[in-house]
Amino acid sequence: MRHAKKLLNALTILLILFVVSCNNETEKTTVDTDTIKVAPPSSDDPAHFCYEFVTNQDTIQLELVVGPDDMISGDLLYQLAGKDRNKGTLKGVIQEDTILAEYTFMSEGKQSVREITFLKKDSSLTEGYAAMEEADGKMQFKAGVIPQYKGMKLMLTNCKN
């Protein structure tokens, strides 16, 4: 009986030491975890988006990269029924919900540049149209004219690349 009592006391002490040891280890882990600093995602990483408008005869595809300071670049394709196919690149900026860029493209074997604008709403982009004029070899919106965003609506889609 005495021997059993000593064994029970020893087991109780071991159990208490084990519990205290586990509690201390948890506290250490908590303290260590609290001091780990996780770097937030870099705002310098570009975001990649693709938009598309497709009907039986018309296709518009826009692959857009948004970088730091809302600078944008991308590839744009127009393949519209009854019009010459043109494909090129755009560079510009996003201001709130509006993209304003220069579109450099090839059509009929000739390189051209024109100002282009899109209005972003939810998961779509709608191209804006307004009177244009040529200046310095580029087509640009006439001064003081506000584009109307009533064109074809390009919908956000999965990028193919």
# chains A, B, ... in the order shown; residues from 1 in each chain; ligands from 1
>>> residues_around(residues="Gln79 in chain A", least_positions_apart="2", cutoff="8 Å", atoms="only C-alpha atoms", output="MDAnalysis selection string")
chainID A and resid 58:60 77 81 83:86
>>> residues_around(residues="Lys91 in chain A", least_positions_apart="4", cutoff="8 Å", atoms="only C-alpha atoms", output="JSON, numbers by chain")
{"A": [71, 72, 73, 74, 101, 102, 103]}
>>> write_last_selection(atoms="N, CA and C atoms", output="PDB file, in the first residue's frame")
ATOM      1  N   MET A  71      -0.645  52.391 -64.073  1.00  0.00           N
ATOM      2  CA  MET A  71      -0.206  52.389 -65.472  1.00  0.00           C
ATOM      3  C   MET A  71      -0.655  51.074 -66.093  1.00  0.00           C
ATOM      4  N   ILE A  72      -1.135  51.119 -67.330  1.00  0.00           N
ATOM      5  CA  ILE A  72      -1.616  49.913 -67.995  1.00  0.00           C
ATOM      6  C   ILE A  72      -0.868  49.693 -69.298  1.00  0.00           C
ATOM      7  N   SER A  73      -0.842  48.433 -69.707  1.00  0.00           N
ATOM      8  CA  SER A  73      -0.341  48.050 -71.016  1.00  0.00           C
ATOM      9  C   SER A  73      -1.112  46.802 -71.407  1.00  0.00           C
ATOM     10  N   GLY A  74      -1.052  46.458 -72.672  1.00  0.00           N
ATOM     11  CA  GLY A  74      -1.765  45.259 -73.076  1.00  0.00           C
ATOM     12  C   GLY A  74      -1.821  45.077 -74.579  1.00  0.00           C
ATOM     13  N   ALA A 101      -5.776  55.438 -73.068  1.00  0.00           N
ATOM     14  CA  ALA A 101      -4.529  54.871 -73.582  1.00  0.00           C
ATOM     15  C   ALA A 101      -4.312  55.227 -75.043  1.00  0.00           C
ATOM     16  N   GLU A 102      -3.075  54.987 -75.500  1.00  0.00           N
ATOM     17  CA  GLU A 102      -2.751  55.065 -76.915  1.00  0.00           C
ATOM     18  C   GLU A 102      -2.698  53.644 -77.448  1.00  0.00           C
ATOM     19  N   TYR A 103      -3.402  53.405 -78.532  1.00  0.00           N
ATOM     20  CA  TYR A 103      -3.474  52.100 -79.167  1.00  0.00           C
ATOM     21  C   TYR A 103      -2.638  52.153 -80.439  1.00  0.00           C
TER      22      TYR A 103
END
>>> residues_around(residues="Asp122 in chain A", least_positions_apart="2", cutoff="12 Å", atoms="only C-alpha atoms", output="PyMOL selection string")
chain A and resi 97+119-120+124-126+153-156
>>> atom_distance(atom1="CA of Cys159 in chain A", atom2="CA of Phe49 in chain A")
6.9 Å
>>> atom_distance(atom1="CA of Lys110 in chain A", atom2="CA of Gly137 in chain A")
12.5 Å
>>> closest_residue(among="A:Pro147, A:Glu96, A:Tyr78, A:Gly88", to="Gln57 in chain A", atoms="only C-alpha atoms")
A:Tyr78
